[in-house]
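Peer 1: First the structure, which I've put down as structure tokens, then a few questions once you've had a look.
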Amino acid sequence: MVWVALDKDQYKERLLLMHTEVPVGGSFQFYLRPGDYQVRASDEKGCEFFQKIKVKDLVSNIEIKMVKK
Amino acid sequence: MKFLFSLLALFFASQALANCKVGQIRSWNKETGYSCIQRFQSDIADCVTCQGCNEKGPTFESLFANFPSAVYQPKSLPWWAHQGNFHYPNLHFPGVWKNRASSSGIDAKYYPGKGEVHALKPNIYIESIHEEKKFTFSFTSKEELSFLATTPPLDAKKSWSGKIIHKDRFEVEDVRYDYLFYDIRLPQDKMQFSRGLCATREATIKWMLQDLTEMKYPAIALQDFEEHWKVKIPDFPFYCIYPQYNKQLDEVLPVSISLEFSNLNRSLYVLIPHKKEPDVDEPQLIPFPILDSVEVRPVVLIKYENMFKEWGVAFLGE
């Protein structure tokens, strides 16, 4: 599962914008307004990937590829 | 002659049930089916609304009945809902949500693009007779499209190209997908808001599942729909459902499939939440549905070699 949320430390402000299931090896493409975001990828067993991203352009198209190591 | 009268009476009776007069609301519940009413009265309370009325005294759940939905826990949650609850306060909403006095919906300022209708998670499934068959699925609109997300990513021509494998899966760039997915914003004026029905939250989910079942969506599509939307439809007690089928969607978001003997069945349910029982005497931004949506539902009489089926749920956003 890939989660895209506002980059906030406070739980109540960390609003989730979108999330979807992506198979291992698969890719997820999303479009965001300028701002700071958190991208989290997690699986049923609790394995996690976490990345903060800053979007500067008016609309950015970001692609994430899910890989198992 | 008697038979003819009976037939006519049956015809008019069925018409009366299908479409309502002006000043009525078309409603549905699982016990009585469709009816035309002046004011919505649900005979069966939702599990959400009855939490606070336990005669034996307050329970743990009832103490928290008025808290935001993030605290409310449906009995069985998919694994991702537990993780989502842990990290995000609005997991039980379809996106960033704003409650307004007139109409609640998606808070559009957090999303790029244009369009009042936020079509979320349209998923596309496949049922094919082929073990392996190449396909290209393209969004062909000449207008600029406001995608919010897709899985897998679209190419420069706004297409997915790959193979149908094992009759019911997609393979794109050597990765297997149960379904193709996208989120998009669409213009409200291209949608229909006269056909549909109003129901409780629970009945809304049941009706949409029944609608998809009657259109012969595959089991995996129904299972995914129920799992996702049971969690993601906010805890409003009532909803009015305005189904958009091929007629609306092919116009606003045309697609082409480069595969012979294929068919695409599309349904997108636009949901308008209501905090209290819908009442025709109260002015509404979106008119209550009075006409039958089943009348305009796509009917697939021929079984094609490749049956693509798309479902989605949409909310309005400002």
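All residue names refer to the structure tokens as shown: chains lettered A, B, ... in order, residues numbered from 1 in each chain, ligands numbered from 1 in order.
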Could you find all residues in chain A that DSSP calls strand (DSSP E) from the backbone, and write them as a PyMOL selection string?

Peer 2: chain A and resi 2-6+16-20+27-32+35-42+48-55+60-65

Peer 1: Region 4-13 of chain A: which residues within 9 Å, counting only C-alpha atoms, same-chain residues fewer than 4 positions away excluded, as a list in words?

Peer 2: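 In the requested form, the answer reads Leu17, Met18, His19, Phe30, Gly35, Asp36, Tyr37, Gln38, Val39, Arg40, Ala41, Lys52 and Ile53 of chain A; Phe86, His87, Tyr88, Pro89 and Asn90 of chain B.
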
Peer 1: Next, the residues of the selection above should be written as a compact mmCIF listing (two decimals), in the first residue's frame with N, CA and C atoms.

Peer 2:
# COMPACT_ATOMS: atom_id res chain seq x y z
N LEU A 17 -3.94 12.26 1.55
CA LEU A 17 -4.49 12.73 0.27
C LEU A 17 -4.97 11.58 -0.60
N MET A 18 -4.19 10.53 -0.64
CA MET A 18 -4.55 9.39 -1.48
C MET A 18 -3.77 8.16 -1.04
N HIS A 19 -4.30 7.01 -1.34
CA HIS A 19 -3.55 5.77 -1.10
C HIS A 19 -4.09 4.68 -2.01
N PHE A 30 1.52 9.83 -9.21
CA PHE A 30 0.55 10.75 -8.62
C PHE A 30 0.92 12.20 -8.88
N GLY A 35 4.12 21.89 -2.26
CA GLY A 35 3.99 21.71 -0.82
C GLY A 35 4.89 20.60 -0.32
N ASP A 36 4.76 20.30 0.98
CA ASP A 36 5.58 19.25 1.60
C ASP A 36 4.70 18.04 1.90
N TYR A 37 5.20 16.89 1.52
CA TYR A 37 4.40 15.67 1.64
C TYR A 37 5.22 14.54 2.25
N GLN A 38 4.50 13.55 2.75
CA GLN A 38 5.11 12.29 3.21
C GLN A 38 4.60 11.17 2.31
N VAL A 39 5.51 10.34 1.87
CA VAL A 39 5.10 9.16 1.12
C VAL A 39 5.50 7.94 1.93
N ARG A 40 4.56 7.10 2.19
CA ARG A 40 4.81 5.90 2.98
C ARG A 40 4.37 4.69 2.16
N ALA A 41 5.18 3.67 2.13
CA ALA A 41 4.76 2.41 1.51
C ALA A 41 4.85 1.34 2.59
N LYS A 52 10.12 11.86 2.80
CA LYS A 52 9.50 13.18 2.73
C LYS A 52 9.84 13.77 1.37
N ILE A 53 8.88 14.44 0.75
CA ILE A 53 9.16 15.06 -0.55
C ILE A 53 8.66 16.51 -0.55
N PHE B 86 -3.56 4.45 12.28
CA PHE B 86 -2.42 4.74 13.14
C PHE B 86 -1.69 6.01 12.69
N HIS B 87 -1.64 6.21 11.37
CA HIS B 87 -0.85 7.33 10.84
C HIS B 87 -1.67 8.57 10.46
N TYR B 88 -2.95 8.38 10.07
CA TYR B 88 -3.68 9.50 9.46
C TYR B 88 -5.05 9.68 10.12
N PRO B 89 -5.44 10.94 10.39
CA PRO B 89 -6.72 11.17 11.07
C PRO B 89 -7.94 11.02 10.16
N ASN B 90 -7.74 11.12 8.84
CA ASN B 90 -8.88 11.09 7.93
C ASN B 90 -8.95 9.79 7.11

Peer 1: Based on only C-alpha atoms, which of the residues in chain B come within 8 Å of chain A? I want them as a PyMOL selection string.

Peer 2: chain B and resi 79-80+87-91+94-96+110-112+147-154+175-177

Peer 1: For the residues selected in the previous step, produce a file with N, CA and C atoms as a PDB file, in the first residue's frame.

Peer 2:
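Okay, this is what ended up in out-v8.pdb:
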ATOM      1  N   TRP B  79      -6.425  -5.060   6.639  1.00  0.00           N
ATOM      2  CA  TRP B  79      -5.151  -4.792   7.306  1.00  0.00           C
ATOM      3  C   TRP B  79      -4.678  -3.358   7.118  1.00  0.00           C
ATOM      4  N   TRP B  80      -4.917  -2.796   5.927  1.00  0.00           N
ATOM      5  CA  TRP B  80      -4.413  -1.464   5.638  1.00  0.00           C
ATOM      6  C   TRP B  80      -5.150  -0.388   6.439  1.00  0.00           C
ATOM      7  N   HIS B  87      -1.642   6.213  11.372  1.00  0.00           N
ATOM      8  CA  HIS B  87      -0.854   7.329  10.844  1.00  0.00           C
ATOM      9  C   HIS B  87      -1.667   8.567  10.459  1.00  0.00           C
ATOM     10  N   TYR B  88      -2.945   8.377  10.067  1.00  0.00           N
ATOM     11  CA  TYR B  88      -3.681   9.497   9.460  1.00  0.00           C
ATOM     12  C   TYR B  88      -5.052   9.681  10.117  1.00  0.00           C
ATOM     13  N   PRO B  89      -5.438  10.940  10.393  1.00  0.00           N
ATOM     14  CA  PRO B  89      -6.720  11.171  11.071  1.00  0.00           C
ATOM     15  C   PRO B  89      -7.937  11.023  10.160  1.00  0.00           C
ATOM     16  N   ASN B  90      -7.735  11.117   8.843  1.00  0.00           N
ATOM     17  CA  ASN B  90      -8.881  11.086   7.928  1.00  0.00           C
ATOM     18  C   ASN B  90      -8.952   9.794   7.111  1.00  0.00           C
ATOM     19  N   LEU B  91      -8.493   8.717   7.703  1.00  0.00           N
ATOM     20  CA  LEU B  91      -8.508   7.443   6.980  1.00  0.00           C
ATOM     21  C   LEU B  91      -9.936   7.063   6.548  1.00  0.00           C
ATOM     22  N   PRO B  94     -12.734   9.716   1.981  1.00  0.00           N
ATOM     23  CA  PRO B  94     -12.123   9.344   0.694  1.00  0.00           C
ATOM     24  C   PRO B  94     -10.912  10.185   0.325  1.00  0.00           C
ATOM     25  N   GLY B  95     -10.683  11.294   1.019  1.00  0.00           N
ATOM     26  CA  GLY B  95      -9.540  12.165   0.759  1.00  0.00           C
ATOM     27  C   GLY B  95      -9.563  13.245   1.821  1.00  0.00           C
ATOM     28  N   VAL B  96      -8.941  14.407   1.514  1.00  0.00           N
ATOM     29  CA  VAL B  96      -9.051  15.516   2.469  1.00  0.00           C
ATOM     30  C   VAL B  96     -10.491  16.022   2.391  1.00  0.00           C
ATOM     31  N   TYR B 110      -6.528  21.016  -1.861  1.00  0.00           N
ATOM     32  CA  TYR B 110      -5.356  20.163  -1.659  1.00  0.00           C
ATOM     33  C   TYR B 110      -4.968  19.378  -2.923  1.00  0.00           C
ATOM     34  N   TYR B 111      -5.799  19.475  -3.967  1.00  0.00           N
ATOM     35  CA  TYR B 111      -5.560  18.636  -5.146  1.00  0.00           C
ATOM     36  C   TYR B 111      -5.359  19.495  -6.397  1.00  0.00           C
ATOM     37  N   PRO B 112      -4.476  19.077  -7.299  1.00  0.00           N
ATOM     38  CA  PRO B 112      -4.286  19.837  -8.535  1.00  0.00           C
ATOM     39  C   PRO B 112      -5.416  19.564  -9.537  1.00  0.00           C
ATOM     40  N   PHE B 147      -5.812  14.059 -13.965  1.00  0.00           N
ATOM     41  CA  PHE B 147      -5.538  12.853 -13.184  1.00  0.00           C
ATOM     42  C   PHE B 147      -4.922  13.244 -11.844  1.00  0.00           C
ATOM     43  N   LEU B 148      -5.221  12.481 -10.817  1.00  0.00           N
ATOM     44  CA  LEU B 148      -4.594  12.683  -9.507  1.00  0.00           C
ATOM     45  C   LEU B 148      -3.630  11.547  -9.193  1.00  0.00           C
ATOM     46  N   ALA B 149      -3.930  10.365  -9.698  1.00  0.00           N
ATOM     47  CA  ALA B 149      -3.053   9.207  -9.470  1.00  0.00           C
ATOM     48  C   ALA B 149      -3.400   8.114 -10.467  1.00  0.00           C
ATOM     49  N   THR B 150      -2.429   7.283 -10.782  1.00  0.00           N
ATOM     50  CA  THR B 150      -2.705   6.088 -11.595  1.00  0.00           C
ATOM     51  C   THR B 150      -1.754   4.960 -11.170  1.00  0.00           C
ATOM     52  N   THR B 151      -2.225   3.748 -11.321  1.00  0.00           N
ATOM     53  CA  THR B 151      -1.383   2.567 -11.135  1.00  0.00           C
ATOM     54  C   THR B 151      -1.765   1.530 -12.197  1.00  0.00           C
ATOM     55  N   PRO B 152      -0.846   1.096 -13.020  1.00  0.00           N
ATOM     56  CA  PRO B 152       0.522   1.593 -13.203  1.00  0.00           C
ATOM     57  C   PRO B 152       0.503   2.965 -13.871  1.00  0.00           C
ATOM     58  N   PRO B 153       1.666   3.626 -13.952  1.00  0.00           N
ATOM     59  CA  PRO B 153       1.702   4.944 -14.592  1.00  0.00           C
ATOM     60  C   PRO B 153       1.261   4.882 -16.060  1.00  0.00           C
ATOM     61  N   LEU B 154       0.628   5.948 -16.520  1.00  0.00           N
ATOM     62  CA  LEU B 154       0.251   6.040 -17.936  1.00  0.00           C
ATOM     63  C   LEU B 154       1.470   6.464 -18.748  1.00  0.00           C
ATOM     64  N   VAL B 175       4.967  -6.764 -14.534  1.00  0.00           N
ATOM     65  CA  VAL B 175       4.358  -6.745 -13.200  1.00  0.00           C
ATOM     66  C   VAL B 175       2.866  -7.067 -13.334  1.00  0.00           C
ATOM     67  N   ARG B 176       2.405  -7.934 -12.460  1.00  0.00           N
ATOM     68  CA  ARG B 176       0.999  -8.330 -12.513  1.00  0.00           C
ATOM     69  C   ARG B 176       0.134  -7.423 -11.647  1.00  0.00           C
ATOM     70  N   TYR B 177      -0.961  -6.993 -12.204  1.00  0.00           N
ATOM     71  CA  TYR B 177      -1.914  -6.136 -11.483  1.00  0.00           C
ATOM     72  C   TYR B 177      -3.297  -6.800 -11.511  1.00  0.00           C
TER      73      TYR B 177
END

Peer 1: With a distance cut-off of 10 Å and only C-alpha atoms, select the neighbouring residues of Gly115 (chain B), excluding the residue or stretch itself and same-chain residues fewer than 2 positions from it, and output the selection as a PyMOL selection string.

Peer 2: chain B and resi 108+112-113+117-119+145-146+184-189+316-318

Peer 1: Keeping only C-alpha atoms, take the residues you just selected and write them out as an mmCIF file, in the first residue's frame.

Peer 2:
data_model
loop_
_atom_site.group_PDB
_atom_site.id
_atom_site.type_symbol
_atom_site.label_atom_id
_atom_site.label_comp_id
_atom_site.auth_asym_id
_atom_site.auth_seq_id
_atom_site.Cartn_x
_atom_site.Cartn_y
_atom_site.Cartn_z
ATOM 1 C CA ALA B 108 -10.377 20.553 -3.502
ATOM 2 C CA PRO B 112 -4.286 19.837 -8.535
ATOM 3 C CA GLY B 113 -6.378 20.115 -11.670
ATOM 4 C CA VAL B 117 -16.383 15.680 -9.253
ATOM 5 C CA HIS B 118 -13.556 13.777 -7.601
ATOM 6 C CA ALA B 119 -13.753 10.311 -9.119
ATOM 7 C CA LEU B 145 -7.405 15.654 -18.108
ATOM 8 C CA SER B 146 -6.927 16.161 -14.373
ATOM 9 C CA ILE B 184 -9.357 11.922 -11.627
ATOM 10 C CA ARG B 185 -11.293 15.180 -11.378
ATOM 11 C CA LEU B 186 -14.227 15.556 -13.766
ATOM 12 C CA PRO B 187 -16.607 18.446 -14.571
ATOM 13 C CA GLN B 188 -19.904 18.392 -12.678
ATOM 14 C CA ASP B 189 -21.921 19.727 -15.646
ATOM 15 C CA LEU B 316 -18.138 16.608 -5.000
ATOM 16 C CA GLY B 317 -15.373 18.975 -3.989
ATOM 17 C CA GLU B 318 -14.918 22.716 -3.880
#

Peer 1: Just want the 7 Å neighbourhood of Val280 (chain B), counted on only C-alpha atoms, with same-chain residues fewer than 5 positions away dropped. Output as an mmCIF file with N, CA and C atoms, in the first residue's frame.

Peer 2:
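Written output follows (part.cif):
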data_model
loop_
_atom_site.group_PDB
_atom_site.id
_atom_site.type_symbol
_atom_site.label_atom_id
_atom_site.label_comp_id
_atom_site.auth_asym_id
_atom_site.auth_seq_id
_atom_site.Cartn_x
_atom_site.Cartn_y
_atom_site.Cartn_z
ATOM 1 N N GLY B 23 -41.122 16.673 -6.578
ATOM 2 C CA GLY B 23 -41.476 16.870 -5.168
ATOM 3 C C GLY B 23 -41.410 15.592 -4.360
ATOM 4 N N GLN B 24 -40.818 14.565 -4.946
ATOM 5 C CA GLN B 24 -40.629 13.319 -4.204
ATOM 6 C C GLN B 24 -39.157 12.915 -4.277
ATOM 7 N N ILE B 25 -38.803 11.969 -3.455
ATOM 8 C CA ILE B 25 -37.438 11.433 -3.471
ATOM 9 C C ILE B 25 -37.534 9.950 -3.775
ATOM 10 N N GLN B 38 -41.907 11.670 0.277
ATOM 11 C CA GLN B 38 -41.782 13.119 0.439
ATOM 12 C C GLN B 38 -40.592 13.443 1.344
ATOM 13 N N ARG B 39 -40.468 12.636 2.370
ATOM 14 C CA ARG B 39 -39.419 12.860 3.357
ATOM 15 C C ARG B 39 -38.822 11.498 3.713
#

Peer 1: Write out as JSON, numbers by chain which residues come within 8 Å of region 193-206 of chain B when counting only C-alpha atoms, dropping same-chain ones fewer than 3 positions away.

Peer 2: {"B": [25, 26, 27, 28, 29, 30, 42, 46, 209, 210, 226, 229, 230, 235, 236, 237, 238, 239, 240, 241, 242, 243, 278, 286, 287, 288, 289, 290, 291, 292, 293]}

Peer 1: Mind giving me the straight-line distance from CA of Tyr269 (chain B) to CA of Gly312 (chain B) in Å, one decimal?

Peer 2: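 Those two atoms sit 6.3 Å apart.
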
Peer 1: List as a list in words the protein and nucleic acid residues near Glu143 (chain B), meaning an atom at most 12 Å away when only C-alpha atoms are counted, but skip any in the same chain fewer than 5 places from it.

Peer 2: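 So the residues in contact are Lys114, Leu186, Pro187, Glu251, Val252, Leu253 and Pro254 of chain B.
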
Peer 1: Tell me, which residues of region 112-273 of chain B carry DSSP alpha helix (DSSP H), written as an MDAnalysis selection string?

Peer 2: chainID B and resid 201:214 219:232 246:252

Peer 1: To one decimal place, how far is CA of Tyr34 (chain B) from CA of Val313 (chain B) in Å?

Peer 2: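 CA of Val313 (chain B) lies at a distance of 21.2 Å from CA of Tyr34 (chain B).
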
Peer 1: Tyr304 (chain B): which residues within 8 Å, counting only C-alpha atoms, same-chain residues fewer than 2 positions away excluded, as a PDB file with C-alpha atoms, in the first residue's frame?

Peer 2:
ATOM      1  CA  PHE B 261     -14.073  -8.303 -29.411  1.00  0.00           C
ATOM      2  CA  SER B 262     -13.844  -6.152 -26.306  1.00  0.00           C
ATOM      3  CA  ASN B 263     -16.414  -4.307 -24.266  1.00  0.00           C
ATOM      4  CA  ILE B 302     -23.556 -10.321 -25.806  1.00  0.00           C
ATOM      5  CA  ASN B 306     -12.722  -9.506 -23.369  1.00  0.00           C
ATOM      6  CA  MET B 307     -15.024  -7.855 -20.853  1.00  0.00           C
TER       7      MET B 307
END
